[in-house]
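These notes are about the structure you will find just below.
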Amino acid sequence: MKKLVFLLAITSVFLVLTACSEEKADLVVTSFTDELQGPIDKFEELHDVKVDLQIIPTENYTTTLRPALESGKGAPDVFTGEIVYLKDWLEQDYWENLSADPYNVDSWEDDYMEYVWDLGKDPEDNVRAVSWQTTPGGIYYRRSIAKEVLGTDDPAEVGEMFSTMEGLMEVGEKMKEKNYRLFPDEGSIQPYTNGQDPQPWVNEANELVMTEARLSYFDYAKELRDKQYTALAPAWSPAWYESFVGPISYNVGWDELDDSAEAEDKTEVFAVSLPTWALNSVLKVEAQETAGDWAVTNGPTPYFQGGTWIGMYKDSENKDLAWEFIQMLVHDEEFLTEWVTETTGDVLSYIPVTSKISEGYEEEYLGGQNHYEFFLEEANKIDASTITKYDQQIGDLFGTEVGNYVEGTVTKEEALEEFYNQVKNAFPDITIPE
Amino acid sequence: MEKTNRRAYLFIAPFVIVFLVFNIYPILLTFYYSLTNYSGMGGIANAEFVGFGNYIRLVTDSYFFEAFGNTLKIWGFNFVVQMMIALGLALLFSDIRLKLKGVGLFRALFYLPNIITIASVALLFNILLDWNHGALNQMLLSLGIIDSPINWLNSPVYAQSAVALIGAWMWFGNSFIILLAGISGISRDYYEAAYIDGASWWQSFTNITLPQLKPILLYVLITSIIGGLQLFDLPMLLTDTRGAPQGSLNTMVLYLYNQAFKYNNFGYGATLAYGLFIITVIFSAVTFRTMYRKEVK
């Protein structure tokens, strides 16, 4: 027995030692999802190299990776960045300047969706990060409900009805009459309020910009809630997911608001505002039961949500290989065509491939609609110049206060004042309006 | 003699070195950060030195005091409930007249909530407490206890109570084990003597159990204060990660985290860490003094 234990101990020590002397990777790529695994497999095969993909979950991504980028110790060769902190990182010297020799990516510019390309530039207008995807948003809706209530399920006709805020509210009223709800929650209209008058959240003088269009979010959100056009299912909550497949419980205690309601305790949601990637990573995953019954169309204004950019670390020792990998990922027609059509279904920012794919495309999940064509049109309308590094945090703070106002816990003035205080507290350098 | 002494230093060296490198150095560095407006990016060398500016901001920061108040409220409610349950159960299971069976099994069962990861707990209660679709509201409605659903996580009082009660549910098993061990350590002789003298259950509880249990209670209280002041994960995960509703779940550590890592105010985050440290020291010291002074009298 003792001998056996001894033997086991020796073997395990041996195993640990061999594990340590594992072969070193030729290239290290860091990202927050596994979506690059496919391209990496392909790249390894093509170049006969070993690429190590390190995945750090989104919640810890910046806090884990940033110290490595700051100190250079343990920094990867290639890493991705999300729109949320992209601008922050572009201000730092993390990514290699791709506008310079030997990369000279500026000559690619015309082949890319303009806003995607512009967002990868640092304050000196050098491109440091590029992206393979474009992520405009739209309104996904249920065809069967559209036919029943609006008399048509044609994306162009529904899009016409959705093209103004008033039109959106009219559809909301029609939906409610048949016990449907326009949106799962009030957040679905936020992108369209600012879109009426696109301004950056913070201008060049470092002042917070409050516009009438932004303020209108208070009123539209309140209207949606008070007129019961939403199903009280906050984005990403279990109820929200449930609303894509069928009726969800609603109105359990709301009778005092609406005397005509005959204690309806179930309702079905008609539409939701979501970007390109939601088709594959949200709807197709969570709502297979309603496959084919969906379509996508425009809201009152174009918008985009999310997006991943990629670049190489400025002090990487494997820049040649890193550059090969980035080129394949964003600029290789053959690879991109195969990758997108066979796996991800992403809408690419690289126009030569996207326009080729979009020709005559029919998406079964969307009842045969060519969503590539739609999203490309939307992406072309997006302007990157109003995007600032503060957008995510300030937008979240604003959304929270609008939410409090909609709930009726604070007045509009109180909500606005609290929003200003919160911004001042989070970003002391920003001047808030008087 | 001298030789052996020197050799002893060698033995404590690993601890001292690790302590210096991984505890003292970061603590001092954090203090330096707190004197700058470092954003966490672009190197500390390029950060501006602001002296005690961050500390001046700290003592006038209403959000920090709000966070301090929230933390105390949540911890206090949690501690009272948790101790009532834990002490009650510990008395029940240690009672010589009742002789309850299955202590080992119950000990394990009570401890169970403590080993579930906080993320799962938060998700679970998020679903249970959901306003319009949650199980709790559906149950209360169908039993006719309430007429309209209560938006638990959107009301400051309910949200804070929810965090306190979830905390109590998670930690009462831990306190129960410690208290039960403490009670078992009290000599039976006291109780027997008191019984013979005709003492009631309440008299033996207040005159024997509680005084004898004092060191254990002190231990539970201090560890609970230190843990409670660092309350972070549950408030963060239960709502919008910034302390909604209306800042009521904004605890001190959550505030620190958001300042440092969400808003990139590393310097001010470091200052908040020192503020938190000073508060923790004061609380521990006060508790310790008051609990022990009575004993001396």
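Residues in the structure tokens are numbered from 1 in each chain, the chains being A, B, ... in the order shown, and ligands are numbered from 1 in the order shown.
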Do you know which residues are at most 9 Å from Ala271 in chain A counting only C-alpha atoms, after dropping those on the same chain fewer than 3 positions away, and could you put them as a list in words? Ile139, Tyr140, Tyr141, Arg142, Arg181, Leu182, Phe183, Pro184 and Phe244 of chain A
Note to self: Set the distance at 9 Å and use only C-alpha atoms: which residues neighbour Lys73 in chain B once local chain neighbours fewer than 3 positions away are removed? I'd like the list as a list in words.
What the structure shows: Phe68, Gly69, Asn70, Gly76, Phe77, Asn78, Gln160, Ser161 and Ala164 of chain B
Compute the set of chain B residues within 9 Å of chain A, using only C-alpha atoms, and express it as an MDAnalysis selection string. chainID B and resid 40:43 61 63 126:127 130:133 138 141 147:149 154:155 240 242 244:246 258:259 261:265
The selected residues should be written to file as an mmCIF file, in the first residue's frame (atoms: C-alpha atoms).
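The resulting file, result_31.cif, is reproduced below:
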data_model
loop_
_atom_site.group_PDB
_atom_site.id
_atom_site.type_symbol
_atom_site.label_atom_id
_atom_site.label_comp_id
_atom_site.auth_asym_id
_atom_site.auth_seq_id
_atom_site.Cartn_x
_atom_site.Cartn_y
_atom_site.Cartn_z
ATOM 1 C CA GLY B 40 -5.510 53.514 -13.706
ATOM 2 C CA MET B 41 -4.244 54.220 -17.223
ATOM 3 C CA GLY B 42 -1.142 55.897 -18.596
ATOM 4 C CA GLY B 43 1.126 55.030 -15.673
ATOM 5 C CA ASP B 61 -18.866 63.328 -0.241
ATOM 6 C CA TYR B 63 -22.525 59.554 -1.624
ATOM 7 C CA ASN B 126 -33.585 38.179 -8.625
ATOM 8 C CA ILE B 127 -36.023 35.739 -10.190
ATOM 9 C CA ASP B 130 -39.158 39.939 -9.754
ATOM 10 C CA TRP B 131 -41.939 42.476 -9.675
ATOM 11 C CA ASN B 132 -44.320 41.250 -12.307
ATOM 12 C CA HIS B 133 -43.260 37.677 -12.883
ATOM 13 C CA GLN B 138 -47.382 35.454 -7.469
ATOM 14 C CA LEU B 141 -51.225 37.483 -4.703
ATOM 15 C CA ASP B 147 -53.769 43.150 -3.880
ATOM 16 C CA SER B 148 -51.093 44.363 -6.250
ATOM 17 C CA PRO B 149 -47.555 43.126 -6.811
ATOM 18 C CA ASN B 154 -37.328 49.011 -6.660
ATOM 19 C CA SER B 155 -38.107 50.180 -3.158
ATOM 20 C CA ASP B 240 -27.882 47.399 -11.553
ATOM 21 C CA ARG B 242 -24.454 50.759 -9.044
ATOM 22 C CA ALA B 244 -30.172 50.844 -7.366
ATOM 23 C CA PRO B 245 -32.932 51.414 -6.228
ATOM 24 C CA GLN B 246 -32.123 55.069 -5.618
ATOM 25 C CA ASN B 258 -17.414 51.728 -9.072
ATOM 26 C CA GLN B 259 -15.238 54.780 -8.525
ATOM 27 C CA PHE B 261 -12.994 50.443 -11.903
ATOM 28 C CA LYS B 262 -16.109 51.818 -13.584
ATOM 29 C CA TYR B 263 -15.353 55.521 -13.566
ATOM 30 C CA ASN B 264 -11.556 55.119 -13.598
ATOM 31 C CA ASN B 265 -10.985 57.304 -10.533
#
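Coordinates place CA of Thr30 in chain B at a distance of 23.3 Å from CA of Pro14 in chain B.
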What separates CA of Ile27 in chain B and CA of Ala273 in chain B is a distance of 9.7 Å
note - CA of Gln212 in chain B and CA of Ser184 in chain B are separated by 10.7 Å
Check the DSSP output for the backbone and give back, as a PyMOL selection string, the residues of range 119-323 of chain A in strand (DSSP E).
-> chain A and resi 137-142+180-181+248-249+266-269+271-275+294-297+308-312
With N, CA and C atoms retained, export the selected residues as a PDB file, in the first residue's frame.
ATOM      1  N   GLY A 137     -28.555  48.602 -35.142  1.00  0.00           N
ATOM      2  CA  GLY A 137     -29.734  48.009 -34.519  1.00  0.00           C
ATOM      3  C   GLY A 137     -30.978  48.259 -35.344  1.00  0.00           C
ATOM      4  N   GLY A 138     -32.040  47.604 -34.945  1.00  0.00           N
ATOM      5  CA  GLY A 138     -33.326  47.796 -35.599  1.00  0.00           C
ATOM      6  C   GLY A 138     -34.405  47.299 -34.659  1.00  0.00           C
ATOM      7  N   ILE A 139     -35.613  47.213 -35.164  1.00  0.00           N
ATOM      8  CA  ILE A 139     -36.696  46.676 -34.345  1.00  0.00           C
ATOM      9  C   ILE A 139     -37.095  45.316 -34.912  1.00  0.00           C
ATOM     10  N   TYR A 140     -36.893  44.295 -34.123  1.00  0.00           N
ATOM     11  CA  TYR A 140     -37.338  42.954 -34.513  1.00  0.00           C
ATOM     12  C   TYR A 140     -38.800  42.813 -34.072  1.00  0.00           C
ATOM     13  N   TYR A 141     -39.641  42.294 -34.948  1.00  0.00           N
ATOM     14  CA  TYR A 141     -41.047  42.146 -34.566  1.00  0.00           C
ATOM     15  C   TYR A 141     -41.602  40.811 -35.042  1.00  0.00           C
ATOM     16  N   ARG A 142     -42.751  40.450 -34.461  1.00  0.00           N
ATOM     17  CA  ARG A 142     -43.392  39.175 -34.789  1.00  0.00           C
ATOM     18  C   ARG A 142     -44.336  39.368 -35.973  1.00  0.00           C
ATOM     19  N   TYR A 180     -51.881  43.150 -26.950  1.00  0.00           N
ATOM     20  CA  TYR A 180     -50.451  42.917 -27.170  1.00  0.00           C
ATOM     21  C   TYR A 180     -49.698  44.101 -26.586  1.00  0.00           C
ATOM     22  N   ARG A 181     -48.398  43.924 -26.394  1.00  0.00           N
ATOM     23  CA  ARG A 181     -47.581  45.038 -25.915  1.00  0.00           C
ATOM     24  C   ARG A 181     -46.523  45.343 -26.970  1.00  0.00           C
ATOM     25  N   ILE A 248     -46.617  36.315 -21.731  1.00  0.00           N
ATOM     26  CA  ILE A 248     -46.037  36.328 -20.394  1.00  0.00           C
ATOM     27  C   ILE A 248     -47.040  36.946 -19.436  1.00  0.00           C
ATOM     28  N   SER A 249     -46.857  36.664 -18.161  1.00  0.00           N
ATOM     29  CA  SER A 249     -47.815  37.169 -17.184  1.00  0.00           C
ATOM     30  C   SER A 249     -47.674  38.678 -17.066  1.00  0.00           C
ATOM     31  N   LYS A 266     -52.270  37.762 -18.908  1.00  0.00           N
ATOM     32  CA  LYS A 266     -51.218  37.355 -19.842  1.00  0.00           C
ATOM     33  C   LYS A 266     -51.201  38.327 -21.007  1.00  0.00           C
ATOM     34  N   THR A 267     -50.039  38.562 -21.531  1.00  0.00           N
ATOM     35  CA  THR A 267     -49.966  39.404 -22.711  1.00  0.00           C
ATOM     36  C   THR A 267     -48.792  38.967 -23.569  1.00  0.00           C
ATOM     37  N   GLU A 268     -48.812  39.334 -24.839  1.00  0.00           N
ATOM     38  CA  GLU A 268     -47.735  38.935 -25.728  1.00  0.00           C
ATOM     39  C   GLU A 268     -47.038  40.185 -26.258  1.00  0.00           C
ATOM     40  N   VAL A 269     -45.710  40.083 -26.362  1.00  0.00           N
ATOM     41  CA  VAL A 269     -44.932  41.231 -26.786  1.00  0.00           C
ATOM     42  C   VAL A 269     -44.747  41.196 -28.299  1.00  0.00           C
ATOM     43  N   ALA A 271     -42.671  43.523 -30.303  1.00  0.00           N
ATOM     44  CA  ALA A 271     -41.395  43.889 -30.911  1.00  0.00           C
ATOM     45  C   ALA A 271     -40.350  44.222 -29.860  1.00  0.00           C
ATOM     46  N   VAL A 272     -39.077  44.264 -30.294  1.00  0.00           N
ATOM     47  CA  VAL A 272     -37.991  44.615 -29.394  1.00  0.00           C
ATOM     48  C   VAL A 272     -36.864  45.254 -30.206  1.00  0.00           C
ATOM     49  N   SER A 273     -36.211  46.266 -29.620  1.00  0.00           N
ATOM     50  CA  SER A 273     -35.077  46.905 -30.294  1.00  0.00           C
ATOM     51  C   SER A 273     -33.801  46.144 -29.964  1.00  0.00           C
ATOM     52  N   LEU A 274     -33.152  45.621 -30.986  1.00  0.00           N
ATOM     53  CA  LEU A 274     -31.906  44.874 -30.766  1.00  0.00           C
ATOM     54  C   LEU A 274     -30.984  45.052 -31.967  1.00  0.00           C
ATOM     55  N   PRO A 275     -29.667  44.895 -31.733  1.00  0.00           N
ATOM     56  CA  PRO A 275     -28.710  45.041 -32.835  1.00  0.00           C
ATOM     57  C   PRO A 275     -28.523  43.750 -33.629  1.00  0.00           C
ATOM     58  N   TRP A 294     -40.378  36.008 -37.305  1.00  0.00           N
ATOM     59  CA  TRP A 294     -39.778  37.306 -37.011  1.00  0.00           C
ATOM     60  C   TRP A 294     -39.425  38.061 -38.296  1.00  0.00           C
ATOM     61  N   ALA A 295     -39.287  39.365 -38.151  1.00  0.00           N
ATOM     62  CA  ALA A 295     -38.750  40.202 -39.219  1.00  0.00           C
ATOM     63  C   ALA A 295     -38.055  41.358 -38.530  1.00  0.00           C
ATOM     64  N   VAL A 296     -37.224  42.092 -39.263  1.00  0.00           N
ATOM     65  CA  VAL A 296     -36.552  43.236 -38.652  1.00  0.00           C
ATOM     66  C   VAL A 296     -36.733  44.453 -39.540  1.00  0.00           C
ATOM     67  N   THR A 297     -36.950  45.586 -38.883  1.00  0.00           N
ATOM     68  CA  THR A 297     -37.116  46.818 -39.639  1.00  0.00           C
ATOM     69  C   THR A 297     -36.561  47.998 -38.870  1.00  0.00           C
ATOM     70  N   THR A 308     -16.983  44.778 -31.441  1.00  0.00           N
ATOM     71  CA  THR A 308     -15.670  44.379 -30.933  1.00  0.00           C
ATOM     72  C   THR A 308     -14.598  44.799 -31.919  1.00  0.00           C
ATOM     73  N   TRP A 309     -13.551  45.435 -31.423  1.00  0.00           N
ATOM     74  CA  TRP A 309     -12.420  45.841 -32.255  1.00  0.00           C
ATOM     75  C   TRP A 309     -11.192  45.028 -31.853  1.00  0.00           C
ATOM     76  N   ILE A 310     -10.235  44.919 -32.766  1.00  0.00           N
ATOM     77  CA  ILE A 310      -9.045  44.130 -32.477  1.00  0.00           C
ATOM     78  C   ILE A 310      -7.799  44.868 -32.967  1.00  0.00           C
ATOM     79  N   GLY A 311      -6.711  44.652 -32.250  1.00  0.00           N
ATOM     80  CA  GLY A 311      -5.444  45.272 -32.647  1.00  0.00           C
ATOM     81  C   GLY A 311      -4.300  44.503 -32.021  1.00  0.00           C
ATOM     82  N   MET A 312      -3.060  44.911 -32.324  1.00  0.00           N
ATOM     83  CA  MET A 312      -1.943  44.184 -31.733  1.00  0.00           C
ATOM     84  C   MET A 312      -1.246  45.045 -30.686  1.00  0.00           C
TER      85      MET A 312
END
